[in-house]
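Colleague: The structure that follows is given in the form of structure tokens.
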Amino acid sequence: MFKLHQLSGGIMLAMALAGCNDSNSPSAGNTSTNTSPLGVVSSNQTQAANGELCPNVLTEGCFTQPFAEPMVYRRDLNKEDKDPGAEGIRTDEKCLFDPVTGRNRCKPAAGTISMLPSGDMLYFNALEGTEDFEIGILTDFGQKAINDQTRVMRVPRGANAATMWARPAEVGSGANPQGYPITELVPGISTNKDSNGADGALFCADVKMMADGRIMAVGGTAYYSEPYIEPLDTGLVELEGLKTSRAFNPNNNTWQQLTDMNFGRWYPSLITLEDSKLFVASGVTKLLKPVYPNAPEQSGRNVVVTETFTPPAGPGDKGKWTANGEAAQRALPLYPRLHLLPNGHVFYNAGGQAFNPFGQSYDQPLWNITATYNPGTDSWSDLAYAGLPFRFSEAGLEDVSKLLNITGLNAAQAAATKILSPNTLMKTPGALMTAFQKLNVSDPAAAVQKVVGSGMRGSTSSTMLPLVPDADGKYRKASFLTAGGVLPLVVAGSPGSYFAVASSRIDTVTTELGATTKEGKVTSYDSEITGSLSEPRWYGTNVLLPDDSVMVFSGGDRDGVVAPGVEFPRKRAERFDLKTKRWTPMATANNPRTYHNTAIMMQDGRVLVGGHAPISTLYLRNINLAALGLSPNDGRDPSFEIFTPPYVGNKERPVLSGFSKNSEVDPVSGSPMTSQFNLGEQVSLVMGKDYGSQLDSITIIRHTVMTHLIDGDQRSVVIPKSAISADGNNLTFALPNQKAVLPQGAYMVFVRIKDAKGNLLPSQGASFMLKHS
């Protein structure tokens, strides 16, 4: 069982240091009164939380006032990763200057955030050290960067601010305690110098929840100067993608080193497979100068080799990484948008981070092609040019990407033999003609919209919409919503354009289930243009809510990486209605949050919004141009605010008391431990009353673990009313028995009814750990 509120002595100390009992927030001692024995908010507190939240809560929702960690900590550059007892200073400022080190010490921003099984939040910083620039990021960051700080934060249900921040025992995650070996661009000639405080930053690692509830981070950043000019104590910043993998254990508030990957990866994507192994793809080993003396064939592109991680088998085991074969190699953007399909295959949704200076990946046109990876055969298959009605398999071209991969010669040869066969040459013209007809050229405006909306999206979310079972109770179809971002300009030598777009698209993949993952198939790929966002948005973070709507938060009107600091922030949230397929403007946030913003749904159905750790203005020093309406690039924003969706203020909202199976109680803290269920097991819920004909469905939503807009494991699995047994205020249902639909990890269950207007109205959630027996 996973303990819901187990706190180490270090966390209790942090609670005291953080002044959890100040008059502006609920005390840590009061958190037990906020939770019933079943771990769910009581009905009277729900009513109190609903209250008079804001005048327009029922139509637009609303945001709480921002709140932030109250302390800034001094940090010894020689003890970055093991300094939990550092002296803290209470301040309302974001940063304080430390005269001992001559550096600013700042509160971390939530550049990456994860919801732990307990409902607490683990987050870590991004681009730490930018506040100390004297000239700019290109010359200073190689020596001014610092390993990013991590924090654990608790926001009790119904509270409008956090009541606890804890510093893990390894504040900087303990990565690379002996430093990281830098690969010289020209061995014996280049003069490099490592940063003394950033040999293993978490920045640009990807995170996922392991089957046991730990949070795994892979990749990251080692900063250095190349070349370094010693008399000036400066040089051109470069970074090395880390091979490192590590895991945070919420039971003891510590980070643990796991086995290194075979390839260093900066900006990789990690995804959980149905057997709880983890699959990693893409990333880059060097960013500004992607030349690899030790592997020249990999130069000029992102890492094409994929790897699979076998989790530790027991205490002392650190797991094992295995490089997959040639057919598993693929040209992908940084942070490719990857998702697990119901048949166990991995879907690439033609999206990623458009951050490759000067378009340095020569194979980037392939990023426009959606594809699936079959873990059973270790092989990719091309689906379609994203958004267009041309199926590669219908033309016999599902292996065309392999043909263009120079490092997979055997796979390329096999692909060439297939593509040049008479059978394929006969099918291709007819498939092209069919696709052209599907474009509906009789309606030029619609055809143009579809073409413009096709292809890869840079810096866009990719949200798996609710998984709904077929008539036989099996889950086969998955749909994905992308909105905003920037268009690709691969012809111009760049993976992304500058100005954001408002276009929105849903891509749907239908699968065929097999007896094994290997035997599963993809039977169709379809794409449709939806209503556009009300305004163009770059780097907006999507959150799927338990009423099946999608909210987008934060971002900017243009790419804040191309020219940081001169973008206009997007503070107004928008809501996507799955029925009408239209976006509607909602409430406006208090703080602007552009690059490295985050948003995550909490157990009570509200959304925690945070982040904002921008690159220094125009790659120079931190300059605040907010007076002109532009992005505030005077450093990071360590604050959070909570968005309350309209359903929270609905007086008809159903009350979920919890699971009928009592949770065990932690004998040390007296707090409940998270319930645990097996795949296919019957689950019984206790409701506040009998909702009768109002009952609509139940949805099971995985705890979010996201970075750079994306959680590839994100999913909402719908249990229809026909699969629910109701006996008064007791509901019973069976968890779906498909491993790829519900991978092991932490989930929340929400009960939905239909309100007086016929809209879905979800309860608050109850969390549980799911196991595959």
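Chain labels A, B, ... are given in the sequence in which chains occur in the structure tokens; within each chain residues are numbered consecutively from 1, and ligands are likewise numbered from 1 in the order shown.
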Can you pull out every residue within 6 Å of Val280 of chain A, counting only C-alpha atoms, but drop anything in the same chain fewer than 2 positions away, and send it as a PDB file with all heavy atoms, in the first residue's frame?
Modeller:
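What landed in part17.pdb:
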```
ATOM      1  N   SER A 269      11.331  11.892 -24.777  1.00  0.00           N
ATOM      2  CA  SER A 269       9.986  11.551 -24.325  1.00  0.00           C
ATOM      3  C   SER A 269       9.999  10.139 -23.769  1.00  0.00           C
ATOM      4  O   SER A 269      10.550   9.219 -24.382  1.00  0.00           O
ATOM      5  CB  SER A 269       8.966  11.642 -25.463  1.00  0.00           C
ATOM      6  OG  SER A 269       8.562  12.974 -25.678  1.00  0.00           O
ATOM      7  N   LEU A 270       9.368   9.986 -22.612  1.00  0.00           N
ATOM      8  CA  LEU A 270       9.291   8.716 -21.907  1.00  0.00           C
ATOM      9  C   LEU A 270       7.823   8.316 -21.818  1.00  0.00           C
ATOM     10  O   LEU A 270       6.953   9.160 -21.600  1.00  0.00           O
ATOM     11  CB  LEU A 270       9.874   8.886 -20.494  1.00  0.00           C
ATOM     12  CG  LEU A 270      10.006   7.644 -19.615  1.00  0.00           C
ATOM     13  CD1 LEU A 270      11.063   6.701 -20.183  1.00  0.00           C
ATOM     14  CD2 LEU A 270      10.395   8.062 -18.192  1.00  0.00           C
ATOM     15  N   THR A 306      15.878   4.199 -30.046  1.00  0.00           N
ATOM     16  CA  THR A 306      14.956   4.129 -28.914  1.00  0.00           C
ATOM     17  C   THR A 306      15.463   3.088 -27.924  1.00  0.00           C
ATOM     18  O   THR A 306      16.205   2.174 -28.292  1.00  0.00           O
ATOM     19  CB  THR A 306      13.534   3.780 -29.366  1.00  0.00           C
ATOM     20  OG1 THR A 306      13.533   2.476 -29.959  1.00  0.00           O
ATOM     21  CG2 THR A 306      13.026   4.801 -30.381  1.00  0.00           C
ATOM     22  N   GLU A 307      15.037   3.232 -26.666  1.00  0.00           N
ATOM     23  CA  GLU A 307      15.456   2.295 -25.629  1.00  0.00           C
ATOM     24  C   GLU A 307      14.259   1.907 -24.767  1.00  0.00           C
ATOM     25  O   GLU A 307      13.282   2.651 -24.661  1.00  0.00           O
ATOM     26  CB  GLU A 307      16.541   2.919 -24.742  1.00  0.00           C
ATOM     27  CG  GLU A 307      17.793   3.354 -25.489  1.00  0.00           C
ATOM     28  CD  GLU A 307      18.869   3.895 -24.560  1.00  0.00           C
ATOM     29  OE1 GLU A 307      19.193   3.197 -23.557  1.00  0.00           O
ATOM     30  OE2 GLU A 307      19.382   5.004 -24.808  1.00  0.00           O
TER      31      GLU A 307
END
```
Colleague: Write out as a PyMOL selection string the residues lying within 8 Å of segment 335-340 of chain A, counting only C-alpha atoms and excluding same-chain residues fewer than 3 positions away.
Modeller: chain A and resi 267-269+271-273+281-283+332+344-353+462+464+708+710+712-713+740
Colleague: Do a neighbour search on Tyr385 of chain A at 10 Å with only C-alpha atoms, toss out local chain neighbours closer than 5 positions, and write the hits as a list in words.
Modeller: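 Close residues of Tyr385 of chain A: Ala350, Leu366, Trp367, Asn368, Ile369, Thr370, Ala371, Phe390, Arg391, Phe392, Ser454, Gly455 and Met456 of chain A.
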Colleague: Please save N, CA, C and O atoms of the selected residues as a PDB file, in the first residue's frame.
Modeller:
```pdb
ATOM      1  N   ALA A 350       2.696  13.574 -34.294  1.00  0.00           N
ATOM      2  CA  ALA A 350       3.227  14.654 -35.136  1.00  0.00           C
ATOM      3  C   ALA A 350       3.273  15.985 -34.404  1.00  0.00           C
ATOM      4  O   ALA A 350       2.759  16.994 -34.874  1.00  0.00           O
ATOM      5  N   LEU A 366      10.474  14.293 -41.788  1.00  0.00           N
ATOM      6  CA  LEU A 366       9.797  13.070 -41.346  1.00  0.00           C
ATOM      7  C   LEU A 366       8.957  13.308 -40.098  1.00  0.00           C
ATOM      8  O   LEU A 366       8.101  12.488 -39.755  1.00  0.00           O
ATOM      9  N   TRP A 367       9.165  14.424 -39.404  1.00  0.00           N
ATOM     10  CA  TRP A 367       8.404  14.697 -38.194  1.00  0.00           C
ATOM     11  C   TRP A 367       6.929  14.943 -38.496  1.00  0.00           C
ATOM     12  O   TRP A 367       6.093  14.892 -37.597  1.00  0.00           O
ATOM     13  N   ASN A 368       6.599  15.234 -39.746  1.00  0.00           N
ATOM     14  CA  ASN A 368       5.210  15.486 -40.124  1.00  0.00           C
ATOM     15  C   ASN A 368       4.369  14.217 -40.215  1.00  0.00           C
ATOM     16  O   ASN A 368       3.136  14.290 -40.342  1.00  0.00           O
ATOM     17  N   ILE A 369       5.013  13.064 -40.161  1.00  0.00           N
ATOM     18  CA  ILE A 369       4.313  11.793 -40.387  1.00  0.00           C
ATOM     19  C   ILE A 369       3.923  11.157 -39.059  1.00  0.00           C
ATOM     20  O   ILE A 369       4.779  10.869 -38.225  1.00  0.00           O
ATOM     21  N   THR A 370       2.621  10.943 -38.858  1.00  0.00           N
ATOM     22  CA  THR A 370       2.184  10.199 -37.675  1.00  0.00           C
ATOM     23  C   THR A 370       2.582   8.732 -37.847  1.00  0.00           C
ATOM     24  O   THR A 370       2.669   8.221 -38.973  1.00  0.00           O
ATOM     25  N   ALA A 371       2.820   8.071 -36.733  1.00  0.00           N
ATOM     26  CA  ALA A 371       3.318   6.698 -36.810  1.00  0.00           C
ATOM     27  C   ALA A 371       2.977   5.942 -35.539  1.00  0.00           C
ATOM     28  O   ALA A 371       2.626   6.546 -34.508  1.00  0.00           O
ATOM     29  N   PHE A 390      -4.462  10.577 -46.143  1.00  0.00           N
ATOM     30  CA  PHE A 390      -3.653   9.660 -46.955  1.00  0.00           C
ATOM     31  C   PHE A 390      -3.010   8.652 -46.023  1.00  0.00           C
ATOM     32  O   PHE A 390      -2.105   8.978 -45.254  1.00  0.00           O
ATOM     33  N   ARG A 391      -3.492   7.394 -46.055  1.00  0.00           N
ATOM     34  CA  ARG A 391      -2.939   6.324 -45.251  1.00  0.00           C
ATOM     35  C   ARG A 391      -1.769   5.693 -45.991  1.00  0.00           C
ATOM     36  O   ARG A 391      -1.927   5.188 -47.099  1.00  0.00           O
ATOM     37  N   PHE A 392      -0.601   5.695 -45.402  1.00  0.00           N
ATOM     38  CA  PHE A 392       0.583   5.134 -46.041  1.00  0.00           C
ATOM     39  C   PHE A 392       0.412   3.637 -46.308  1.00  0.00           C
ATOM     40  O   PHE A 392       0.901   3.129 -47.328  1.00  0.00           O
ATOM     41  N   SER A 454      -2.568  20.773 -41.309  1.00  0.00           N
ATOM     42  CA  SER A 454      -1.892  19.471 -41.318  1.00  0.00           C
ATOM     43  C   SER A 454      -0.425  19.622 -40.920  1.00  0.00           C
ATOM     44  O   SER A 454       0.090  20.721 -40.785  1.00  0.00           O
ATOM     45  N   GLY A 455       0.230  18.487 -40.760  1.00  0.00           N
ATOM     46  CA  GLY A 455       1.654  18.478 -40.464  1.00  0.00           C
ATOM     47  C   GLY A 455       1.948  18.595 -38.989  1.00  0.00           C
ATOM     48  O   GLY A 455       1.060  18.651 -38.135  1.00  0.00           O
ATOM     49  N   MET A 456       3.233  18.660 -38.678  1.00  0.00           N
ATOM     50  CA  MET A 456       3.685  18.736 -37.296  1.00  0.00           C
ATOM     51  C   MET A 456       3.297  20.068 -36.655  1.00  0.00           C
ATOM     52  O   MET A 456       3.243  21.094 -37.315  1.00  0.00           O
TER      53      MET A 456
END
```
Colleague: Can you work out the spacing between atom CA of Ile506 of chain A and atom CA of Ser479 of chain A in Å, to one decimal?
Modeller: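 Spanning atom CA of Ile506 of chain A to atom CA of Ser479 of chain A is a straight-line distance of 6.5 Å.
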Colleague: Identify, on the basis of only C-alpha atoms, every residue whose closest approach to Glu87 of chain A does not exceed 9 Å; exclude the query and any residue fewer than 4 positions from it along the same chain; express the result as a CSV table (one decimal) with C-alpha atoms, in the first residue's frame.
Modeller:
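Just written: around_26.csv:
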```
chain,number,residue,atom,x,y,z
A,72,VAL,CA,14.5,31.2,0.0
A,73,TYR,CA,17.4,28.9,0.8
A,74,ARG,CA,21.1,29.5,0.7
A,75,ARG,CA,22.9,26.9,-1.4
```
Colleague: What's around Leu513 of chain A at 8 Å? Count only C-alpha atoms, leave out sequence neighbours fewer than 4 positions away in its own chain, and write the answer as a count of residues only.
Modeller: 7
Colleague: Please return as a list in words: the residues of segment 537-671 of chain A that backbone DSSP assigns to helix (DSSP H, G or I).
Modeller: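 The helix (DSSP H, G or I) residues within segment 537-671 of chain A come out as Thr617, Leu618, Tyr619, Ala626, Ala627, Leu628, Pro646, Tyr647, Val648 and Gly649 of chain A.
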Colleague: Go ahead and save the picked residues with N, CA, C and O atoms, as a PDB file, in the first residue's frame.
Modeller:
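The new file selection_12.pdb reads:
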```
ATOM      1  N   THR A 617      15.630  37.690 -21.699  1.00  0.00           N
ATOM      2  CA  THR A 617      15.096  38.489 -22.800  1.00  0.00           C
ATOM      3  C   THR A 617      16.085  38.580 -23.957  1.00  0.00           C
ATOM      4  O   THR A 617      17.216  39.053 -23.793  1.00  0.00           O
ATOM      5  N   LEU A 618      15.636  38.127 -25.115  1.00  0.00           N
ATOM      6  CA  LEU A 618      16.442  38.124 -26.347  1.00  0.00           C
ATOM      7  C   LEU A 618      17.808  37.478 -26.133  1.00  0.00           C
ATOM      8  O   LEU A 618      18.798  37.847 -26.745  1.00  0.00           O
ATOM      9  N   TYR A 619      17.852  36.497 -25.229  1.00  0.00           N
ATOM     10  CA  TYR A 619      19.067  35.746 -24.899  1.00  0.00           C
ATOM     11  C   TYR A 619      20.138  36.621 -24.240  1.00  0.00           C
ATOM     12  O   TYR A 619      21.305  36.223 -24.169  1.00  0.00           O
ATOM     13  N   ALA A 626       7.187  43.907 -19.083  1.00  0.00           N
ATOM     14  CA  ALA A 626       5.771  43.718 -18.783  1.00  0.00           C
ATOM     15  C   ALA A 626       5.001  45.031 -18.870  1.00  0.00           C
ATOM     16  O   ALA A 626       3.790  45.031 -19.141  1.00  0.00           O
ATOM     17  N   ALA A 627       5.662  46.170 -18.649  1.00  0.00           N
ATOM     18  CA  ALA A 627       4.975  47.458 -18.742  1.00  0.00           C
ATOM     19  C   ALA A 627       4.453  47.703 -20.151  1.00  0.00           C
ATOM     20  O   ALA A 627       3.521  48.494 -20.342  1.00  0.00           O
ATOM     21  N   LEU A 628       5.038  47.028 -21.126  1.00  0.00           N
ATOM     22  CA  LEU A 628       4.588  47.151 -22.517  1.00  0.00           C
ATOM     23  C   LEU A 628       3.574  46.066 -22.871  1.00  0.00           C
ATOM     24  O   LEU A 628       3.170  45.946 -24.026  1.00  0.00           O
ATOM     25  N   PRO A 646     -16.419  25.588 -13.609  1.00  0.00           N
ATOM     26  CA  PRO A 646     -17.816  25.849 -13.264  1.00  0.00           C
ATOM     27  C   PRO A 646     -18.493  24.731 -12.491  1.00  0.00           C
ATOM     28  O   PRO A 646     -19.344  24.989 -11.628  1.00  0.00           O
ATOM     29  N   TYR A 647     -18.138  23.449 -12.764  1.00  0.00           N
ATOM     30  CA  TYR A 647     -18.857  22.367 -12.089  1.00  0.00           C
ATOM     31  C   TYR A 647     -18.634  22.373 -10.581  1.00  0.00           C
ATOM     32  O   TYR A 647     -19.437  21.841  -9.817  1.00  0.00           O
ATOM     33  N   VAL A 648     -17.537  22.973 -10.112  1.00  0.00           N
ATOM     34  CA  VAL A 648     -17.288  23.012  -8.669  1.00  0.00           C
ATOM     35  C   VAL A 648     -18.342  23.860  -7.960  1.00  0.00           C
ATOM     36  O   VAL A 648     -18.726  23.578  -6.827  1.00  0.00           O
ATOM     37  N   GLY A 649     -18.827  24.907  -8.639  1.00  0.00           N
ATOM     38  CA  GLY A 649     -19.828  25.771  -8.019  1.00  0.00           C
ATOM     39  C   GLY A 649     -21.253  25.306  -8.198  1.00  0.00           C
ATOM     40  O   GLY A 649     -22.185  25.974  -7.719  1.00  0.00           O
TER      41      GLY A 649
END
```
Colleague: Identify, on the basis of only C-alpha atoms, every residue whose closest approach to His772 of chain A does not exceed 7 Å; exclude the query and any residue fewer than 3 positions from it along the same chain; express the result as a PDB file with C-alpha atoms, in the first residue's frame.
Modeller:
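Result file around.pdb:
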```
ATOM      1  CA  ASN A 678      -6.055  -5.025  -9.354  1.00  0.00           C
ATOM      2  CA  LEU A 679      -6.908  -4.871 -13.037  1.00  0.00           C
ATOM      3  CA  GLN A 744      -0.042   0.346 -13.400  1.00  0.00           C
TER       4      GLN A 744
END
```
Colleague: Neighbouring residues of segment 109-112 of chain A were defined as those with any atom within 10 Å, considering only C-alpha atoms; residues of the same chain fewer than 2 positions away were excluded. Please report them as a ChimeraX atom specification.
Modeller: /A:68-69,94,106-107,114,121-128,148-151,202-207,595-599,609-614,635-640,705-710
Colleague: For Tyr747 of chain A, which residue out of A:Gly213, A:Tyr525, A:Ser173, A:Leu185 is the nearest one, using only C-alpha atoms?
Modeller: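 Counting only C-alpha atoms, the residue closest to Tyr747 of chain A is A:Gly213.
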Colleague: Among segment 361-545 of chain A, which residues does DSSP mark as strand (DSSP E or B) when it is run on the backbone? Keep the chain and numbering as in the structure and answer as JSON, numbers by chain.
Modeller: {"A": [369, 370, 371, 372, 373, 374, 379, 380, 381, 382, 383, 384, 385, 391, 457, 458, 463, 464, 467, 477, 478, 479, 480, 481, 482, 483, 486, 489, 494, 499, 504, 505, 506, 507, 508, 509, 510, 511, 512, 521, 522, 523, 524, 525, 526, 527, 528, 529, 538, 541, 542, 543, 544]}
